[in-house]
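Read through the structure below, which is laid out as structure tokens, and then see the notes.
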Amino acid sequence: MVNGTILASTTGTTDARTYFRSSKDLPQDLLGAHGMSTTAQIGVTGLAVMGRNLARNFARNGYTVAVHNRTASRTRDLVEEFGHEGDFVPAETAKDFVAALERPRRLVIMVKAGAPTDAVIEEFAPLLEPGDMIIDGGNAHFADTRRRERELREQDIHFVGTGISGGEEARCTGRASCRAARPSRTTPSGPCWRRSPRRRPTGRRA
């Protein structure tokens, strides 16, 4: 749902099997009615509490956000409940999710640290192109971050390991984050990351 309208369901059902299409596949009159961009400026995959609220944070700050979750019902629930907060592009598959992102693509992974993060990277990396960026928001161990940056650098994919905290309230009061990457690698994440609320060391919103 965006601005009160459910965007997709090829079957008419509302269960977890509902198929969401990216906005570029929707009729032009529907796109025009809701002012949606053809592509999203940033994407969030992994829509548990932190991922869901980070996506809302971006949307509330004027960005069109692609959203994806392994369990499709979480994607649907996010857009149905919070679609009025901004523009979301829901995607059911990894391929649709990547296709919804403008280039250079900025893809934020919000899943558990360790093997789950590696599994998501292995799923998405083959779909990306040189210059795209993966941002890991799972508070990974520094050794894993270094390994992933090194491996993805060989494909000319930017990788940033980011620790994000603030809990469920961070959407409104601002998140605390710390990025780890080669200096040149953080540039593509630029305005999206700077514009969404974040905390100063004092705990006040920046």
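By convention in this document, the chains of the structure tokens carry letters A, B, ... by their order, each chain's residues are numbered from 1, and ligands are numbered from 1 in the order they are shown.
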List every residue of range 89-154 of chain A that DSSP, applied to the backbone, labels as alpha helix (DSSP H), and write the result as a VMD selection string.
chain A and resid 94 to 99 115 to 124 142 to 153
What would the file look like if the residues just selected were written as a compact mmCIF listing (two decimals), in the first residue's frame with N, CA, C and O atoms?
```txt
# COMPACT_ATOMS: atom_id res chain seq x y z
N ALA A 94 14.88 -11.41 -5.25
CA ALA A 94 16.14 -10.67 -5.27
C ALA A 94 16.32 -9.94 -6.59
O ALA A 94 16.77 -8.80 -6.63
N LYS A 95 15.95 -10.59 -7.68
CA LYS A 95 16.09 -9.99 -9.00
C LYS A 95 15.23 -8.74 -9.13
O LYS A 95 15.67 -7.71 -9.65
N ASP A 96 13.98 -8.82 -8.67
CA ASP A 96 13.10 -7.65 -8.73
C ASP A 96 13.63 -6.52 -7.85
O ASP A 96 13.53 -5.35 -8.20
N PHE A 97 14.16 -6.90 -6.71
CA PHE A 97 14.69 -5.91 -5.77
C PHE A 97 15.85 -5.14 -6.39
O PHE A 97 15.87 -3.91 -6.37
N VAL A 98 16.79 -5.84 -6.98
CA VAL A 98 17.94 -5.20 -7.61
C VAL A 98 17.49 -4.36 -8.81
O VAL A 98 17.99 -3.25 -9.02
N ALA A 99 16.52 -4.86 -9.57
CA ALA A 99 16.04 -4.12 -10.74
C ALA A 99 15.36 -2.81 -10.35
O ALA A 99 15.29 -1.87 -11.16
N ALA A 115 26.75 -16.10 9.27
CA ALA A 115 26.34 -16.87 8.10
C ALA A 115 25.12 -16.29 7.38
O ALA A 115 25.09 -16.30 6.14
N PRO A 116 24.10 -15.79 8.09
CA PRO A 116 22.96 -15.20 7.37
C PRO A 116 23.37 -14.04 6.46
O PRO A 116 22.86 -13.91 5.34
N THR A 117 24.29 -13.21 6.92
CA THR A 117 24.75 -12.10 6.10
C THR A 117 25.50 -12.61 4.87
O THR A 117 25.30 -12.12 3.74
N ASP A 118 26.37 -13.60 5.06
CA ASP A 118 27.09 -14.17 3.92
C ASP A 118 26.11 -14.75 2.90
O ASP A 118 26.31 -14.61 1.69
N ALA A 119 25.05 -15.39 3.37
CA ALA A 119 24.07 -15.99 2.46
C ALA A 119 23.38 -14.92 1.63
O ALA A 119 23.15 -15.12 0.42
N VAL A 120 23.05 -13.80 2.24
CA VAL A 120 22.39 -12.73 1.50
C VAL A 120 23.35 -12.11 0.48
O VAL A 120 22.97 -11.83 -0.66
N ILE A 121 24.59 -11.90 0.88
CA ILE A 121 25.58 -11.36 -0.05
C ILE A 121 25.76 -12.30 -1.24
O ILE A 121 25.81 -11.85 -2.40
N GLU A 122 25.83 -13.59 -0.98
CA GLU A 122 26.00 -14.56 -2.06
C GLU A 122 24.80 -14.56 -3.00
O GLU A 122 24.93 -14.84 -4.20
N GLU A 123 23.62 -14.23 -2.48
CA GLU A 123 22.42 -14.18 -3.31
C GLU A 123 22.40 -12.93 -4.19
O GLU A 123 22.01 -12.99 -5.37
N PHE A 124 22.82 -11.81 -3.64
CA PHE A 124 22.68 -10.54 -4.35
C PHE A 124 23.90 -10.14 -5.18
O PHE A 124 23.74 -9.51 -6.23
N PHE A 142 34.71 -7.56 12.86
CA PHE A 142 35.56 -6.81 11.92
C PHE A 142 36.28 -7.72 10.93
O PHE A 142 36.53 -7.34 9.78
N ALA A 143 36.60 -8.94 11.34
CA ALA A 143 37.30 -9.85 10.44
C ALA A 143 36.39 -10.25 9.28
O ALA A 143 36.85 -10.39 8.13
N ASP A 144 35.10 -10.42 9.55
CA ASP A 144 34.14 -10.73 8.48
C ASP A 144 33.99 -9.54 7.54
O ASP A 144 33.90 -9.71 6.32
N THR A 145 33.97 -8.34 8.11
CA THR A 145 33.86 -7.13 7.28
C THR A 145 35.05 -7.01 6.35
O THR A 145 34.90 -6.72 5.15
N ARG A 146 36.24 -7.24 6.86
CA ARG A 146 37.44 -7.16 6.02
C ARG A 146 37.42 -8.20 4.91
O ARG A 146 37.78 -7.92 3.76
N ARG A 147 37.00 -9.40 5.26
CA ARG A 147 36.94 -10.48 4.26
C ARG A 147 35.93 -10.14 3.16
O ARG A 147 36.23 -10.29 1.96
N ARG A 148 34.78 -9.67 3.54
CA ARG A 148 33.74 -9.36 2.55
C ARG A 148 34.17 -8.20 1.66
O ARG A 148 33.93 -8.23 0.45
N GLU A 149 34.79 -7.19 2.25
CA GLU A 149 35.25 -6.05 1.46
C GLU A 149 36.27 -6.51 0.43
O GLU A 149 36.23 -6.10 -0.74
N ARG A 150 37.18 -7.38 0.86
CA ARG A 150 38.22 -7.88 -0.03
C ARG A 150 37.63 -8.71 -1.17
O ARG A 150 38.00 -8.54 -2.34
N GLU A 151 36.68 -9.57 -0.85
CA GLU A 151 36.08 -10.43 -1.87
C GLU A 151 35.25 -9.63 -2.86
O GLU A 151 35.32 -9.87 -4.08
N LEU A 152 34.48 -8.69 -2.37
CA LEU A 152 33.63 -7.91 -3.26
C LEU A 152 34.42 -6.89 -4.08
O LEU A 152 34.02 -6.53 -5.19
N ARG A 153 35.56 -6.46 -3.53
CA ARG A 153 36.42 -5.54 -4.28
C ARG A 153 36.88 -6.17 -5.59
O ARG A 153 37.05 -5.49 -6.60
```
Determine, counting only C-alpha atoms, which protein, DNA and RNA residues have an atom within 12 Å of an atom of Arg52 in chain A; residues of the same chain fewer than 4 positions away are not included. Present the result as a ChimeraX atom specification.
/A:43-48,56-59,65-69,74-79,81-83,88,108-111,167-171
Using DSSP secondary structure from the backbone, list all strand (DSSP E) positions within range 98-178 of chain A, as a ChimeraX atom specification.
/A:106-109,133-136,158-165,176-178
